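What follows is the content of structure_14.cif, which has mmCIF, C-alpha atoms and all ligand atoms:
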```
data_query
#
loop_
_atom_site.label_atom_id
_atom_site.label_comp_id
_atom_site.auth_asym_id
_atom_site.auth_seq_id
_atom_site.Cartn_x
_atom_site.Cartn_y
_atom_site.Cartn_z
CA MET A 1 0.00 0.00 0.00
CA SER A 2 1.22 3.51 -0.81
CA VAL A 3 1.64 6.13 1.91
CA ILE A 4 -0.79 8.39 0.03
CA ASP A 5 -3.56 6.95 -2.11
CA LEU A 6 -6.01 9.32 -3.75
CA LEU A 7 -8.47 7.82 -6.15
CA GLY A 8 -10.79 9.98 -8.24
CA ILE A 9 -11.20 12.64 -5.57
CA TYR A 10 -13.24 15.82 -5.84
CA THR A 11 -12.93 18.44 -3.13
CA ALA A 12 -14.91 21.57 -2.46
CA TYR A 13 -14.58 24.40 0.06
CA GLU A 14 -17.48 25.09 2.35
CA GLY A 15 -19.96 27.25 0.47
CA GLY A 16 -18.06 26.79 -2.80
CA ASP A 17 -20.46 25.64 -5.50
CA LYS A 18 -17.86 24.09 -7.79
CA PRO A 19 -15.22 21.51 -6.91
CA VAL A 20 -11.64 22.83 -6.80
CA ILE A 21 -10.04 19.41 -7.26
CA LYS A 22 -11.64 17.33 -9.97
CA ASP A 23 -11.29 13.59 -10.44
CA LEU A 24 -7.72 13.55 -9.21
CA SER A 25 -5.76 10.37 -8.54
CA LEU A 26 -2.31 10.25 -6.98
CA SER A 27 -0.32 7.58 -5.16
CA VAL A 28 2.89 8.40 -3.35
CA ASP A 29 5.25 5.78 -1.98
CA ARG A 30 7.92 5.87 0.67
CA GLY A 31 11.11 7.62 -0.40
CA GLU A 32 9.55 9.70 -3.17
CA TYR A 33 10.43 13.36 -3.59
CA VAL A 34 7.43 14.93 -5.30
CA VAL A 35 7.64 18.50 -6.58
CA ILE A 36 4.25 20.04 -7.33
CA GLY A 37 4.10 22.98 -9.72
CA GLY A 38 1.47 24.80 -11.72
CA PRO A 39 -0.08 28.23 -12.15
CA ASN A 40 -1.76 30.23 -9.40
CA SER A 41 -5.15 28.82 -8.41
CA ALA A 42 -4.37 25.45 -10.00
CA GLY A 43 -5.33 23.77 -6.72
CA LYS A 44 -1.88 22.94 -5.34
CA THR A 45 -2.62 24.12 -1.80
CA THR A 46 -6.05 22.50 -1.94
CA LEU A 47 -4.41 19.20 -2.89
CA LEU A 48 -2.20 19.32 0.22
CA GLU A 49 -5.21 20.25 2.35
CA SER A 50 -7.17 17.32 0.91
CA ILE A 51 -4.39 14.94 1.92
CA ASN A 52 -4.44 16.44 5.41
CA GLY A 53 -8.23 16.30 5.79
CA LEU A 54 -8.58 20.08 5.93
CA VAL A 55 -11.01 20.34 3.03
CA LYS A 56 -13.96 18.15 2.34
CA ILE A 57 -13.56 15.32 -0.14
CA THR A 58 -16.95 15.05 -1.76
CA HIS A 59 -16.29 12.07 -4.05
CA GLY A 60 -13.62 9.43 -4.43
CA SER A 61 -11.41 7.83 -1.83
CA ALA A 62 -8.37 9.12 0.04
CA THR A 63 -6.17 7.11 2.35
CA VAL A 64 -3.02 8.41 4.03
CA CYS A 65 -0.81 6.12 6.14
CA GLY A 66 -3.50 3.50 5.62
CA LEU A 67 -6.19 5.69 7.19
CA ASP A 68 -9.34 6.92 5.48
CA VAL A 69 -8.83 10.69 5.51
CA ALA A 70 -12.56 11.48 5.69
CA ARG A 71 -12.99 9.41 8.86
CA PHE A 72 -9.67 9.86 10.61
CA ALA A 73 -8.56 13.37 9.67
CA ASP A 74 -7.30 14.18 13.19
CA THR A 75 -5.08 11.10 13.30
CA VAL A 76 -3.84 11.73 9.76
CA ARG A 77 -2.81 15.24 10.78
CA THR A 78 -0.70 13.92 13.66
CA ARG A 79 1.21 11.76 11.17
CA VAL A 80 1.66 14.24 8.35
CA GLY A 81 4.02 17.22 8.51
CA TYR A 82 2.62 20.32 6.84
CA VAL A 83 4.49 23.60 6.38
CA ILE A 84 1.72 25.93 5.28
CA GLN A 85 1.94 28.72 2.72
CA ASN A 86 2.32 32.40 3.71
CA PHE A 87 2.12 31.95 7.42
CA TYR A 88 3.35 34.64 9.78
CA PHE A 89 3.39 34.85 13.52
CA ASP A 90 2.10 38.04 15.06
CA PRO A 91 4.95 40.09 16.62
CA PHE A 92 3.43 39.52 20.07
CA THR A 93 3.14 35.74 19.80
CA PRO A 94 4.30 34.67 23.28
CA PHE A 95 6.43 31.68 22.26
CA THR A 96 10.09 31.12 21.61
CA VAL A 97 11.28 29.18 18.57
CA GLU A 98 12.09 26.25 20.86
CA GLN A 99 8.54 26.24 22.22
CA VAL A 100 7.08 26.37 18.71
CA VAL A 101 9.27 23.44 17.68
CA MET A 102 8.14 21.54 20.83
CA MET A 103 4.54 22.03 19.70
CA GLY A 104 5.43 19.68 16.86
CA ARG A 105 5.60 16.97 19.54
CA PHE A 106 2.16 17.64 21.01
CA GLY A 107 0.43 14.95 18.96
CA ARG A 108 2.84 12.41 20.47
CA LEU A 109 2.94 13.38 24.12
CA GLY A 110 2.05 10.64 26.55
CA LEU A 111 -0.69 10.35 29.11
CA MET A 112 0.46 13.19 31.31
CA ASN A 113 0.82 15.51 28.31
CA ARG A 114 4.27 16.50 29.51
CA PRO A 115 7.30 16.41 27.26
CA ALA A 116 9.73 13.63 28.13
CA ARG A 117 13.42 13.26 27.38
CA ALA A 118 12.72 11.91 23.90
CA ASP A 119 10.64 14.99 23.10
CA TYR A 120 13.36 17.42 24.20
CA ASP A 121 15.89 15.41 22.20
CA ALA A 122 13.72 15.48 19.06
CA VAL A 123 13.33 19.26 19.41
CA GLN A 124 17.09 19.82 19.76
CA ARG A 125 17.79 17.53 16.80
CA ALA A 126 15.30 19.37 14.58
CA ILE A 127 16.70 22.77 15.56
CA ALA A 128 20.24 21.61 14.82
CA LEU A 129 19.26 19.98 11.52
CA VAL A 130 17.64 23.18 10.25
CA GLY A 131 20.55 25.21 11.63
CA ILE A 132 18.64 27.64 13.85
CA GLU A 133 20.36 27.06 17.19
CA ASP A 134 21.01 30.80 17.43
CA LEU A 135 17.27 31.51 17.22
CA ALA A 136 16.08 28.87 19.71
CA HIS A 137 15.42 31.29 22.55
CA LYS A 138 14.11 34.19 20.49
CA SER A 139 10.43 35.11 20.33
CA ILE A 140 9.03 33.68 17.14
CA GLY A 141 7.08 36.82 16.26
CA THR A 142 10.20 38.99 16.23
CA LEU A 143 11.89 36.95 13.50
CA SER A 144 11.97 37.57 9.75
CA GLY A 145 9.64 35.65 7.44
CA GLY A 146 12.48 33.38 6.34
CA GLN A 147 13.52 32.63 9.92
CA GLN A 148 9.91 31.81 10.81
CA GLN A 149 9.74 29.45 7.83
CA LYS A 150 12.83 27.66 9.09
CA ALA A 151 11.26 27.38 12.55
CA MET A 152 8.13 25.85 11.02
CA ILE A 153 10.23 23.36 9.08
CA ALA A 154 11.95 22.41 12.37
CA HIS A 155 8.51 22.14 14.05
CA ASN A 156 7.43 19.66 11.41
CA ILE A 157 10.69 17.68 11.54
CA ALA A 158 10.34 17.40 15.33
CA LYS A 159 6.94 15.89 14.69
CA GLU A 160 8.71 12.89 13.09
CA PRO A 161 6.03 12.65 10.42
CA GLU A 162 5.42 9.76 8.05
CA VAL A 163 4.85 12.22 5.19
CA MET A 164 6.19 15.76 4.84
CA MET A 165 4.27 18.37 2.87
CA LEU A 166 5.60 21.88 2.27
CA ASP A 167 3.74 24.68 0.51
CA GLU A 168 6.17 27.16 -1.01
CA PRO A 169 8.36 26.95 2.07
CA PHE A 170 11.29 28.86 0.64
CA SER A 171 9.57 31.97 -0.62
CA ASN A 172 11.39 34.22 1.86
CA LEU A 173 14.74 32.49 1.75
CA ASP A 174 17.82 33.19 -0.32
CA PHE A 175 19.50 30.67 -2.58
CA HIS A 176 21.95 29.43 0.05
CA ALA A 177 19.23 28.81 2.60
CA ARG A 178 17.09 27.06 -0.03
CA GLU A 179 19.96 24.85 -1.06
CA TYR A 180 20.79 24.01 2.54
CA LEU A 181 17.20 23.15 3.41
CA GLN A 182 16.83 21.08 0.25
CA GLY A 183 19.76 19.06 1.62
CA VAL A 184 17.80 18.55 4.85
CA LEU A 185 14.77 17.37 2.87
CA LYS A 186 16.98 15.03 0.84
CA GLU A 187 18.03 13.39 4.12
CA LEU A 188 14.38 12.89 5.10
CA VAL A 189 13.68 11.26 1.74
CA ARG A 190 16.70 9.02 2.22
CA THR A 191 15.17 7.74 5.45
CA GLY A 192 12.03 6.87 3.49
CA ILE A 193 9.77 9.80 4.33
CA PRO A 194 8.02 10.93 1.16
CA ILE A 195 8.02 14.66 0.49
CA LEU A 196 5.44 16.69 -1.38
CA MET A 197 6.70 20.16 -2.07
CA VAL A 198 4.77 22.91 -3.80
CA ALA A 199 7.26 25.34 -5.27
CA HIS A 200 7.73 28.27 -7.58
CA ALA A 201 11.50 28.53 -7.43
CA PHE A 202 13.25 25.41 -8.56
CA ASP A 203 16.88 26.23 -7.94
CA GLY A 204 18.75 24.22 -5.36
CA LEU A 205 16.69 21.05 -5.86
CA PRO A 206 18.58 17.99 -4.64
CA ASP A 207 20.36 15.71 -7.11
CA ILE A 208 18.01 12.80 -6.56
CA ARG A 209 15.17 11.34 -8.58
CA ILE A 210 12.40 13.91 -8.61
CA ARG A 211 8.82 13.14 -9.41
CA LEU A 212 7.35 16.22 -11.02
CA VAL A 213 3.60 16.75 -10.77
CA VAL A 214 2.05 19.72 -12.56
CA MET A 215 -1.49 20.86 -11.82
CA ASN A 216 -3.79 22.92 -13.99
CA GLY A 217 -7.42 23.69 -13.19
CA GLY A 218 -7.73 21.25 -10.29
CA LYS A 219 -6.27 18.31 -12.17
CA ILE A 220 -2.88 16.70 -12.57
CA THR A 221 -1.77 17.31 -16.14
CA TYR A 222 1.79 16.00 -15.86
CA ASP A 223 3.29 13.35 -13.59
CA ARG A 224 6.72 11.93 -14.41
CA ASP A 225 10.17 11.46 -12.97
CA CYS A 226 12.91 13.85 -13.99
CA THR A 227 16.19 15.33 -12.81
CA ALA A 228 16.55 18.58 -10.88
CA GLY A 229 17.85 20.39 -13.96
CA GLU A 230 14.81 19.47 -16.06
CA VAL A 231 12.15 20.76 -13.66
CA ASP A 232 12.15 24.42 -14.66
CA GLY A 233 11.77 23.79 -18.39
CA ILE A 234 9.00 21.22 -17.99
CA ILE A 235 7.02 23.46 -15.63
CA ARG A 236 7.21 26.37 -18.05
CA LYS A 237 5.88 24.19 -20.82
CA GLU A 238 3.15 22.58 -18.77
CA CYS A 239 1.57 25.65 -17.17
CA LYS A 240 -1.46 26.02 -19.33
CA VAL A 241 -3.80 28.43 -17.62
CA ASN A 242 -1.95 31.71 -17.35
CA GLY A 243 1.54 30.60 -18.12
CA LYS A 244 2.76 31.86 -14.76
CA CYS A 245 4.06 29.34 -12.29
N1 LIG A 301 -10.81 28.79 1.60
C1 LIG A 301 -11.27 28.79 0.33
N2 LIG A 301 -12.60 28.91 0.08
C2 LIG A 301 -13.07 28.89 -1.19
N3 LIG A 301 -12.29 28.76 -2.29
C3 LIG A 301 -10.97 28.65 -2.09
C4 LIG A 301 -10.39 28.66 -0.78
N4 LIG A 301 -9.04 28.51 -0.91
C5 LIG A 301 -8.82 28.43 -2.25
N5 LIG A 301 -9.96 28.51 -2.95
C6 LIG A 301 -10.07 28.44 -4.43
O1 LIG A 301 -9.58 27.19 -4.87
C7 LIG A 301 -8.84 27.34 -6.07
C8 LIG A 301 -7.47 26.71 -5.92
O2 LIG A 301 -6.74 27.45 -4.95
P1 LIG A 301 -5.36 26.97 -4.37
O3 LIG A 301 -5.47 25.53 -4.00
O4 LIG A 301 -4.99 27.91 -3.28
O5 LIG A 301 -4.40 27.12 -5.62
P2 LIG A 301 -2.80 27.21 -5.71
O6 LIG A 301 -2.25 26.80 -4.39
O7 LIG A 301 -2.45 26.29 -6.82
O8 LIG A 301 -2.48 28.62 -6.06
C9 LIG A 301 -8.82 28.82 -6.40
O9 LIG A 301 -9.76 29.09 -7.39
C10 LIG A 301 -9.18 29.47 -5.09
O10 LIG A 301 -9.89 30.66 -5.32
MG MG A 302 -1.13 27.78 -2.98
#
```
Would you give me this structure, written as structure tokens?
Ligand SMILES: Nc1ncnc2c1ncn2[C@@H]1O[C@H](COP(=O)(O)OP(=O)(O)O)[C@@H](O)[C@H]1O
Ligand SMILES: [Mg+2]
Amino acid sequence: MSVIDLLGIYTAYEGGDKPVIKDLSLSVDRGEYVVIGGPNSAGKTTLLESINGLVKITHGSATVCGLDVARFADTVRTRVGYVIQNFYFDPFTPFTVEQVVMMGRFGRLGLMNRPARADYDAVQRAIALVGIEDLAHKSIGTLSGGQQQKAMIAHNIAKEPEVMMLDEPFSNLDFHAREYLQGVLKELVRTGIPILMVAHAFDGLPDIRIRLVVMNGGKITYDRDCTAGEVDGIIRKECKVNGKC
């Protein structure tokens, strides 16, 4: 069984009269690095939210980690990492980076709901992996957009997810930071965790087999393996709606 199995799904937002995702099928296995591209409004974010049980699947079937997403959305969300698009903490958010990363452990805390040694260790490991030790004790809301994105990546790594989804996670980061973090993601893939990454900038992609999925108008219009160097050209060609990816 694949880690993600979507079969002929349609999804609609509450109050939306038309489906955003239409008759979409996608299976993702362990160890796959999936890059998702496509024009604005193609449904990329909605696809990730369908996998995570955040939007209603009106038709078709969706299982993630062997669980029916419609019935077990809460459990699915504890097992899937999700770095959301355009998220900013308010300047007065009363948490340090370390505390935000610890929140990634909350779905795993034991009976007493208190972090144990393993939780503190996972938090320190995630912070070190992402390279934000110097930010650990800073208030999250005082950081730049790029630093907050790194903290949210660490939060999701600390979660030790079975699938990692990232929605344009590098939009506020320079090339060096993107390249470094792509290396971190490559390590996750090497340990078997599949990655689904929605992106607009394709520089710094790791030199591993990449599965490129392009969406247009709520459907997948391209789905093939390629190398990092081929991604940009294929995306340009495959963006059919407004040509802007
Ligand atoms: N919360 C929402 N309620 C209703 N419609 C939405 C909502 N979020 C997105 N949409 C619509 O769904 C479509 C796909 O959006 P989205 O998945 O965000 O695309 P992308 O991430 O590819 O830019 C768009 O037409 C958008 O207007
Ligand atoms: Mg989006």
Open item on the list: Excluding stretch 9-20 of chain A and its own-chain neighbours fewer than 6 positions away, which residues fall within 10 Å of it when counting only C-alpha atoms? Please give them as a VMD selection string.
Closed with: chain A and resid 26 41 to 44 46 to 47 49 to 50 54 to 62 217 to 219
Return as lines of an AutoDock Vina configuration file the box centre and box size in Å, one decimal, for an axis-aligned box around all listed atoms of ligand LIG 301 (chain A) padded by 8 Å per side.
```
center_x = -7.7
center_y = 28.1
center_z = -2.9
size_x = 26.8
size_y = 21.1
size_z = 25.0
```
- [ ] List all protein, DNA and RNA residues that have an atom no more than 12 Å from any atom of ligand MG 302 (chain A), counting only C-alpha atoms and all ligand atoms, and report them as a VMD selection string.
- [x] chain A and resid 36 to 49 83 to 87 166 to 169 171 197 to 200 215 218 245
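In terms of minimum interatomic distance to ligand LIG 301 (chain A), A:Lys22 ranks closest within A:Lys22, A:Ile4, A:Gly107, A:Ile234, counting all atoms listed in the file.
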Task: A:Ile210 environment, 6 Å, all atoms listed in the file, sequence neighbours closer than 2 positions dropped, as a PyMOL selection string - done: chain A and resi 33+225-227
TODO: Check the smallest atom-to-atom distance from each of A:Asn216, A:Thr78, A:Asn172, A:Thr96 to A:Gly146 using all atoms listed in the file, then report the winner.
DONE: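 When distances to A:Gly146 are compared using all atoms listed in the file, the smallest one comes from A:Asn172.
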Mind listing whatever residues come within 8 Å of the point (10.8, 16.1, 13.4)? Use all atoms listed in the file, file coordinates, and give them as an mmCIF file with C-alpha atoms, in the coordinates of the input.
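Once everything was written out, this is result-v2.cif:
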```cif
data_model
loop_
_atom_site.group_PDB
_atom_site.id
_atom_site.type_symbol
_atom_site.label_atom_id
_atom_site.label_comp_id
_atom_site.auth_asym_id
_atom_site.auth_seq_id
_atom_site.Cartn_x
_atom_site.Cartn_y
_atom_site.Cartn_z
ATOM 1 C CA GLY A 104 5.430 19.680 16.860
ATOM 2 C CA ALA A 122 13.720 15.480 19.060
ATOM 3 C CA VAL A 123 13.330 19.260 19.410
ATOM 4 C CA ARG A 125 17.790 17.530 16.800
ATOM 5 C CA ALA A 126 15.300 19.370 14.580
ATOM 6 C CA ALA A 154 11.950 22.410 12.370
ATOM 7 C CA HIS A 155 8.510 22.140 14.050
ATOM 8 C CA ASN A 156 7.430 19.660 11.410
ATOM 9 C CA ILE A 157 10.690 17.680 11.540
ATOM 10 C CA ALA A 158 10.340 17.400 15.330
ATOM 11 C CA LYS A 159 6.940 15.890 14.690
ATOM 12 C CA GLU A 160 8.710 12.890 13.090
ATOM 13 C CA PRO A 161 6.030 12.650 10.420
#
```
- [ ] Please provide the set of residues having any atom within 10 Å of stretch 179-184 of chain A, restricted to all atoms listed in the file, with same-chain residues fewer than 2 positions apart removed, written as JSON, numbers by chain.
- [x] {"A": [129, 130, 131, 150, 153, 157, 169, 170, 173, 174, 175, 176, 177, 186, 187, 188, 189, 190, 203, 204, 205, 206, 207]}
- [ ] Can you work out the spacing between atom CA of A:Asn113 and atom CA of A:Val100 in Å, to one decimal?
- [x]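 Between these atoms lies a distance of 15.8 Å.
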Task: Using all atoms listed in the file: which of A:Asp121, A:Ile220, A:Gly192, A:Val231 has the shortest distance to ligand LIG 301 (chain A) - done: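 Selected residue with least distance to ligand LIG 301 (chain A): A:Ile220.
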TODO: Point out the residue among A:Thr142, A:Lys237, A:Met1, A:Val214 with the least atom-to-atom distance to A:Asp90, counting all atoms listed in the file.
DONE: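 For A:Asp90, the nearest of the given residues is A:Thr142.
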Task: atom CA of A:Gly229 to atom CA of A:Ile51, straight-line distance in Å - done: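 Taking atom CA of A:Ile51 and atom CA of A:Gly229, their separation equals 27.9 Å.
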Open item on the list: For a test of reading the model, state the distance in Å between atom CA of A:Gly53 and atom CA of A:Ala70, rounded to one decimal.
Closed with: 6.5 Å
TODO: Go through A:Val213, A:Met164, A:Gly8, A:Leu185 one by one, measure the shortest atom-to-atom distance of each to ligand LIG 301 (chain A) using all atoms listed in the file, and give the residue with the smallest value.
DONE: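 Among the listed residues, the smallest separation from ligand LIG 301 (chain A) belongs to A:Val213.
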Task: Residue among A:Leu6, A:Ile21, A:Ile140, A:Ala228 lying closest to ligand LIG 301 (chain A), counting only C-alpha atoms and all ligand atoms - done: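 Nearest to ligand LIG 301 (chain A): A:Ile21.
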Using only C-alpha atoms, give me every residue within 8 Å of (1.8, 14.9, 5.6) in file coordinates, as a PDB file with C-alpha atoms, in the frame of the given file.
```
ATOM      1  CA  ILE A  51      -4.390  14.940   1.920  1.00  0.00           C
ATOM      2  CA  ASN A  52      -4.440  16.440   5.410  1.00  0.00           C
ATOM      3  CA  VAL A  76      -3.840  11.730   9.760  1.00  0.00           C
ATOM      4  CA  ARG A  77      -2.810  15.240  10.780  1.00  0.00           C
ATOM      5  CA  ARG A  79       1.210  11.760  11.170  1.00  0.00           C
ATOM      6  CA  VAL A  80       1.660  14.240   8.350  1.00  0.00           C
ATOM      7  CA  GLY A  81       4.020  17.220   8.510  1.00  0.00           C
ATOM      8  CA  TYR A  82       2.620  20.320   6.840  1.00  0.00           C
ATOM      9  CA  PRO A 161       6.030  12.650  10.420  1.00  0.00           C
ATOM     10  CA  GLU A 162       5.420   9.760   8.050  1.00  0.00           C
ATOM     11  CA  VAL A 163       4.850  12.220   5.190  1.00  0.00           C
ATOM     12  CA  MET A 164       6.190  15.760   4.840  1.00  0.00           C
ATOM     13  CA  MET A 165       4.270  18.370   2.870  1.00  0.00           C
TER      14      MET A 165
END
```
TODO: List the neighbours of A:Gln99 out to 12 Å using only C-alpha atoms; skip same-chain residues closer than 6 positions along the sequence, and give me the result as a ChimeraX atom specification.
DONE: /A:93,105-106,115,119-120,123-124,127,135-140,151-152,154-155,158
